[in-house]
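Asks: Below are the structure tokens for one structure; questions will follow.
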Amino acid sequence: MKLRTFSLLFVFGLAVATLVSFFQNSPGYMDADYYMAGGQRLADGHGFQEMLLWNYLDDPQGMPHPSNTYWMPLASLLAMAGMLVSGMHNFYGGRLAFILLAGLVPPATFTLAHTFTRNNRIAWLAALLAVFPGFYLPFLATSDTFAISMLLGAAFLGVVNRLGIFTPQVPPRRRQAVLWILLGAIAGLMHLARVDGLLWVGLAGLAALSLESLQARRLMLIRDLFGRLLWVALGYLIVMGPWILRTLALFGVPFSPGGGRMLWITGYNELYIYPASTLTVSRWLQQGLGAILQGRLSAFGQNLTTLFAVQGEIFLAPLILVGVWRTRRQAVVQLGLLAYVLIFTLMTLVFPYAGARGGLLHSGAALQPLFWALAAVGLEAFLSWGVSHRKWVPQQAEIVFATGLVMLALLVSALVFYNRMFNPRPPQQPWDAAQRLYAQVDASLLQMGADSGEIVMVNNPPAYYLVSGRPAISIPFGDLTVVLSVAKRYHASFLVLEFNQLIGSDDLYANPGDRPGLHYLRTVDTARIYEFENTQ
């Protein structure tokens, strides 16, 4: 890609991301809040230690608690970098890296599209679709993994293309080793960004096992297969090795045990269950085969909606399918589609509840640049058909349809952004609603004489910590007895209810007042504030 093309597309992407950021004064939702809170702790010199508990899957002993035992640390590291470079140890400093990464998505999409099409027109259209990314627009400039995944996914597929997988045009032997190490490192970064990024390590290994290019060069098969796998493993361990060692030191296993318990939840809210030891295979089986299948069937339907309405943006979906057919022999497309099928399966059959509630949206973002490229290929095929069968004037038809497609992407992006920021559908709230509410709640607690170090139990602990600096823990999944038990174990002083959140205790929100173990203090906006009794 020419420097001029890269610069122009980067400016386009950066301008859109910056414009979006003007309307966002907080990370906006729990995932992004968590990454930002972790980045702030790192920037302030506290290391990977957090003063919040947002779930109880790893049976936390108290606070400070080792951070990133469920969500991985790469986004927090980027937030820390933004804070240290800018000198602003807050959301505004922490999001700078994410705005820059969002600006890189269009040129990365151009590069990927050009990699397997060798067509500048297709690459430009794909990049412009990335400038206006539809349903992903509100999330690219905040502290989450969307832009990270898009860039790493594009880089992974680009390296696969350079390696000449499934073709005889392989690079020289020494250069191959560097590229295999790079592929492993990219897979490592994807794992460092998200737990399911481990899947990409397997895909890198699968690419290493491809036989066509080996046979074409008549190399010693076993030796070279082993060599490839060794280089991939080296690249992966360069990135992930320190984190694996840290997890081994904490838990005695290479990966956090909390994530494994997610296999046995029977509903999304059980992510917050206490104690987590209740999540067992036998309990999972007790729900019955019908419930197990129903949960996965429901996830399948919701994930299909995510595929066609979010990642296919509805109007791009038919073009993507045409593009897939036109490029089906390309190694980049074959491996990319395999990656998406595996991600979709993982988020439907293995983690159906988390997958349907955002897991596929996050993980599938790695393939979004490929989808934009395929949509551009699909439009090119459609135009060729029109020229052949409808006597369209080629240049005129291309201008009309390509411009219309980009304008439609702009319109969809603008509507999605408006609805997500200012007019969300329940139970979602306007973007900065939690930040505003928690600021009011904490000000009220301080006014009532609460010490700044007293722990609050709340719906979104990372957001509360970011707003106030106060230690915060999550309201567990369960009834009032469970809530009181958690409060006592972790010495929580206050409970903040924002809706009917406790099983069997709806009136605790609807009819606030004293209960055994709870003293009602006041209502602030939509939040009911209670004080726990005898938890210190």
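Letters for chains follow the order of the structure tokens (A, B, ...), residue numbers begin at 1 for each chain, and ligand numbers begin at 1 in the order shown.
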Leaving out Gly504 of chain A and any residue of its chain fewer than 6 positions from it, which residues lie within 9 Å of it when counting only C-alpha atoms, given as a list in words?
Replies: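 Skipping anything fewer than 6 positions along the chain leaves Gly478, Asp479 and Leu480 of chain A.
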Asks: Suppose we keep N, CA and C atoms; can you now write the selection as a tab-separated table (two decimals), in the first residue's frame?
Replies:
```
chain	number	residue	atom	x	y	z
A	478	GLY	N	-28.52	-14.77	42.98
A	478	GLY	CA	-29.10	-15.50	44.09
A	478	GLY	C	-30.10	-14.66	44.84
A	479	ASP	N	-30.51	-15.15	45.99
A	479	ASP	CA	-31.50	-14.44	46.80
A	479	ASP	C	-30.81	-13.58	47.85
A	480	LEU	N	-31.60	-13.01	48.76
A	480	LEU	CA	-31.06	-12.12	49.78
A	480	LEU	C	-30.07	-12.84	50.69
```
Asks: Would you pick out the contacts of Ala472 of chain A at 8 Å or less, using only C-alpha atoms, so that residues sharing its chain but fewer than 6 positions from it are not included, and give the list as a list in words?
Replies: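 Listed by chain and then number, they are Met51, Leu52, Leu53, Ile455, Val456, Met457, Val458, Pro461, Pro462, Tyr464 and Tyr465 of chain A.
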Asks: How about saving the chosen residues, N, CA and C atoms kept, as a PDB file, in the first residue's frame?
Replies:
```
ATOM      1  N   MET A  51      -9.132  -3.500  42.829  1.00  0.00           N
ATOM      2  CA  MET A  51      -9.958  -3.259  44.012  1.00  0.00           C
ATOM      3  C   MET A  51     -11.425  -3.415  43.660  1.00  0.00           C
ATOM      4  N   LEU A  52     -11.717  -4.475  42.955  1.00  0.00           N
ATOM      5  CA  LEU A  52     -13.106  -4.776  42.585  1.00  0.00           C
ATOM      6  C   LEU A  52     -13.221  -6.263  42.312  1.00  0.00           C
ATOM      7  N   LEU A  53     -14.428  -6.774  42.496  1.00  0.00           N
ATOM      8  CA  LEU A  53     -14.761  -8.153  42.148  1.00  0.00           C
ATOM      9  C   LEU A  53     -16.025  -8.107  41.300  1.00  0.00           C
ATOM     10  N   ILE A 455     -16.684  -0.650  51.168  1.00  0.00           N
ATOM     11  CA  ILE A 455     -16.982  -1.391  49.945  1.00  0.00           C
ATOM     12  C   ILE A 455     -18.469  -1.301  49.623  1.00  0.00           C
ATOM     13  N   VAL A 456     -18.760  -1.111  48.329  1.00  0.00           N
ATOM     14  CA  VAL A 456     -20.143  -1.070  47.871  1.00  0.00           C
ATOM     15  C   VAL A 456     -20.404  -2.276  46.978  1.00  0.00           C
ATOM     16  N   MET A 457     -21.575  -2.875  47.125  1.00  0.00           N
ATOM     17  CA  MET A 457     -22.020  -3.969  46.254  1.00  0.00           C
ATOM     18  C   MET A 457     -22.977  -3.383  45.230  1.00  0.00           C
ATOM     19  N   VAL A 458     -22.684  -3.595  43.953  1.00  0.00           N
ATOM     20  CA  VAL A 458     -23.383  -2.846  42.911  1.00  0.00           C
ATOM     21  C   VAL A 458     -23.460  -3.683  41.633  1.00  0.00           C
ATOM     22  N   PRO A 461     -19.443  -3.149  39.126  1.00  0.00           N
ATOM     23  CA  PRO A 461     -18.329  -2.721  39.981  1.00  0.00           C
ATOM     24  C   PRO A 461     -17.226  -1.955  39.250  1.00  0.00           C
ATOM     25  N   PRO A 462     -16.790  -2.356  38.031  1.00  0.00           N
ATOM     26  CA  PRO A 462     -15.739  -1.577  37.370  1.00  0.00           C
ATOM     27  C   PRO A 462     -16.140  -0.125  37.128  1.00  0.00           C
ATOM     28  N   TYR A 464     -18.314   1.625  38.836  1.00  0.00           N
ATOM     29  CA  TYR A 464     -18.371   2.334  40.122  1.00  0.00           C
ATOM     30  C   TYR A 464     -16.973   2.676  40.605  1.00  0.00           C
ATOM     31  N   TYR A 465     -16.047   1.748  40.444  1.00  0.00           N
ATOM     32  CA  TYR A 465     -14.668   2.018  40.856  1.00  0.00           C
ATOM     33  C   TYR A 465     -14.071   3.167  40.048  1.00  0.00           C
TER      34      TYR A 465
END
```
Asks: Restricting the calculation to only C-alpha atoms, which member of A:Arg420, A:Arg515, A:Arg261, A:Arg528 is positioned closest to Phe499 of chain A?
Replies: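 Of A:Arg420, A:Arg515, A:Arg261, A:Arg528, the one nearest Phe499 of chain A, counting only C-alpha atoms, is A:Arg528.
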Asks: Leaving out Leu508 of chain A and any residue of its chain fewer than 5 positions from it, which residues lie within 12 Å of it when counting only C-alpha atoms, given as an NGL selection string?
Replies: :A and (479-480 or 495-503 or 513-516 or 518-520 or 523 or 527-530)
Asks: Find, counting only C-alpha atoms, the residue in A:Leu346, A:Leu337, A:Ala433, A:Ala439 that gets nearest to Ser363 of chain A.
Replies: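 Selected residue with least distance to Ser363 of chain A: A:Leu346.
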Asks: Within 9 Å of Ala443 of chain A, counting only C-alpha atoms, which residues qualify if same-chain residues fewer than 5 places away don't, as a list in words?
Replies: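 Surrounding residues, per the criterion: Tyr438, Met448 and Ser468 of chain A.
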Asks: What's around segment 82-85 of chain A at 8 Å? Count only C-alpha atoms, leave out sequence neighbours fewer than 2 positions away in its own chain, and write the answer as a list in words.
Replies: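 With the cut-off at 8 Å, the set is Gly39, Gln40, Ala43, Leu78, Ala79, Met80, Gly87, Met88, His89, Asn90, Gly93, Gly94, Arg95, Leu96 and Ala97 of chain A.
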Asks: Report, in Å to a single decimal, how far apart atom CA of His191 of chain A and atom CA of Gly241 of chain A are.
Replies: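 So the answer is 11.2 Å.
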Asks: Of the candidates A:Gly45, A:Arg522, A:Pro106, A:Gly469, which one gets nearest to Phe494 of chain A if we count only C-alpha atoms?
Replies: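 Nearest candidate to Phe494 of chain A out of A:Gly45, A:Arg522, A:Pro106, A:Gly469: A:Arg522.
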Asks: Record the distance separating atom CA of Ile399 of chain A and atom CA of Val310 of chain A, expressed in Å with one decimal.
Replies: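 For atom CA of Ile399 of chain A relative to atom CA of Val310 of chain A, the distance reads 25.5 Å.
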Asks: Identify, with DSSP run on backbone atoms, the residues in segment 298-400 of chain A assigned to alpha helix (DSSP H), and express the list as number ranges by chain.
Replies: A: 298-305, 317-326, 331-345, 352-354, 360-363, 368-389, 394-400
Asks: Fewer than 6 positions away in the same chain doesn't count, so skip those; otherwise give me all residues within 6 Å of segment 128-138 of chain A, counting only C-alpha atoms, as a ChimeraX atom specification.
Replies: /A:13,106,310,409-410,412-413,416-417
Asks: Store the residues picked out above, limited to all heavy atoms, as an mmCIF file, in the first residue's frame.
Replies:
```cif
data_model
loop_
_atom_site.group_PDB
_atom_site.id
_atom_site.type_symbol
_atom_site.label_atom_id
_atom_site.label_comp_id
_atom_site.auth_asym_id
_atom_site.auth_seq_id
_atom_site.Cartn_x
_atom_site.Cartn_y
_atom_site.Cartn_z
ATOM 1 N N GLY A 13 -10.491 7.045 9.071
ATOM 2 C CA GLY A 13 -10.864 6.228 10.224
ATOM 3 C C GLY A 13 -10.679 6.970 11.530
ATOM 4 O O GLY A 13 -11.525 6.876 12.433
ATOM 5 N N PRO A 106 -9.414 0.899 8.783
ATOM 6 C CA PRO A 106 -9.598 1.022 7.322
ATOM 7 C C PRO A 106 -8.352 0.675 6.504
ATOM 8 O O PRO A 106 -8.457 -0.100 5.545
ATOM 9 C CB PRO A 106 -10.034 2.484 7.144
ATOM 10 C CG PRO A 106 -10.698 2.829 8.443
ATOM 11 C CD PRO A 106 -9.874 2.129 9.481
ATOM 12 N N VAL A 310 -25.602 -7.891 12.248
ATOM 13 C CA VAL A 310 -24.514 -7.075 12.799
ATOM 14 C C VAL A 310 -23.262 -7.195 11.940
ATOM 15 O O VAL A 310 -22.772 -6.206 11.387
ATOM 16 C CB VAL A 310 -24.208 -7.487 14.258
ATOM 17 C CG1 VAL A 310 -23.016 -6.707 14.799
ATOM 18 C CG2 VAL A 310 -25.433 -7.269 15.128
ATOM 19 N N ALA A 409 -23.825 2.413 4.250
ATOM 20 C CA ALA A 409 -23.024 2.080 5.432
ATOM 21 C C ALA A 409 -22.952 3.264 6.389
ATOM 22 O O ALA A 409 -23.033 3.098 7.613
ATOM 23 C CB ALA A 409 -21.619 1.654 5.008
ATOM 24 N N LEU A 410 -22.821 4.451 5.836
ATOM 25 C CA LEU A 410 -22.804 5.668 6.660
ATOM 26 C C LEU A 410 -24.134 5.848 7.379
ATOM 27 O O LEU A 410 -24.163 6.149 8.588
ATOM 28 C CB LEU A 410 -22.512 6.880 5.775
ATOM 29 C CG LEU A 410 -22.708 8.271 6.413
ATOM 30 C CD1 LEU A 410 -21.810 8.441 7.625
ATOM 31 C CD2 LEU A 410 -22.448 9.364 5.387
ATOM 32 N N VAL A 412 -26.471 3.546 8.128
ATOM 33 C CA VAL A 412 -26.651 2.513 9.151
ATOM 34 C C VAL A 412 -25.784 2.812 10.368
ATOM 35 O O VAL A 412 -26.226 2.706 11.519
ATOM 36 C CB VAL A 412 -26.332 1.126 8.579
ATOM 37 C CG1 VAL A 412 -26.264 0.080 9.687
ATOM 38 C CG2 VAL A 412 -27.384 0.716 7.545
ATOM 39 N N SER A 413 -24.546 3.206 10.128
ATOM 40 C CA SER A 413 -23.639 3.524 11.236
ATOM 41 C C SER A 413 -24.178 4.666 12.076
ATOM 42 O O SER A 413 -24.133 4.619 13.314
ATOM 43 C CB SER A 413 -22.246 3.877 10.689
ATOM 44 O OG SER A 413 -21.676 2.807 9.974
ATOM 45 N N VAL A 416 -27.268 3.435 14.102
ATOM 46 C CA VAL A 416 -26.843 2.565 15.202
ATOM 47 C C VAL A 416 -26.202 3.389 16.303
ATOM 48 O O VAL A 416 -26.479 3.194 17.493
ATOM 49 C CB VAL A 416 -25.863 1.497 14.686
ATOM 50 C CG1 VAL A 416 -25.191 0.777 15.856
ATOM 51 C CG2 VAL A 416 -26.584 0.495 13.801
ATOM 52 N N PHE A 417 -25.352 4.325 15.918
ATOM 53 C CA PHE A 417 -24.673 5.170 16.900
ATOM 54 C C PHE A 417 -25.677 5.996 17.703
ATOM 55 O O PHE A 417 -25.596 6.050 18.944
ATOM 56 C CB PHE A 417 -23.688 6.095 16.186
ATOM 57 C CG PHE A 417 -22.980 7.040 17.114
ATOM 58 C CD1 PHE A 417 -21.999 6.567 17.975
ATOM 59 C CD2 PHE A 417 -23.294 8.390 17.130
ATOM 60 C CE1 PHE A 417 -21.343 7.439 18.842
ATOM 61 C CE2 PHE A 417 -22.648 9.256 17.986
ATOM 62 C CZ PHE A 417 -21.667 8.787 18.845
#
```
Asks: Could you give me the residues within segment 2-88 of chain A that DSSP places in strand (DSSP E), as a count of residues only?
Replies: 6
Asks: Return the single residue from A:Leu125, A:Leu349, A:Leu521, A:Ala37 that is closest to Met407 of chain A, with distances computed using only C-alpha atoms.
Replies: A:Leu125
Asks: Pick out the closest residue to Gln429 of chain A from this set: A:Asn119, A:Ala331, A:Gly28, A:Phe139. Count only C-alpha atoms.
Replies: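 Among A:Asn119, A:Ala331, A:Gly28, A:Phe139, it is A:Gly28 that comes nearest to Gln429 of chain A.
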Asks: For the atom pair atom CA of Ala193 of chain A and atom CA of Met72 of chain A, what is the interatomic distance in Å to one decimal place?
Replies: 5.4 Å
Asks: Find the residue from A:Pro73, A:Pro352, A:Gly205, A:Pro430 that sits nearest to Phe226 of chain A; use only C-alpha atoms when measuring.
Replies: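 Among the listed residues, A:Gly205 lies closest to Phe226 of chain A.
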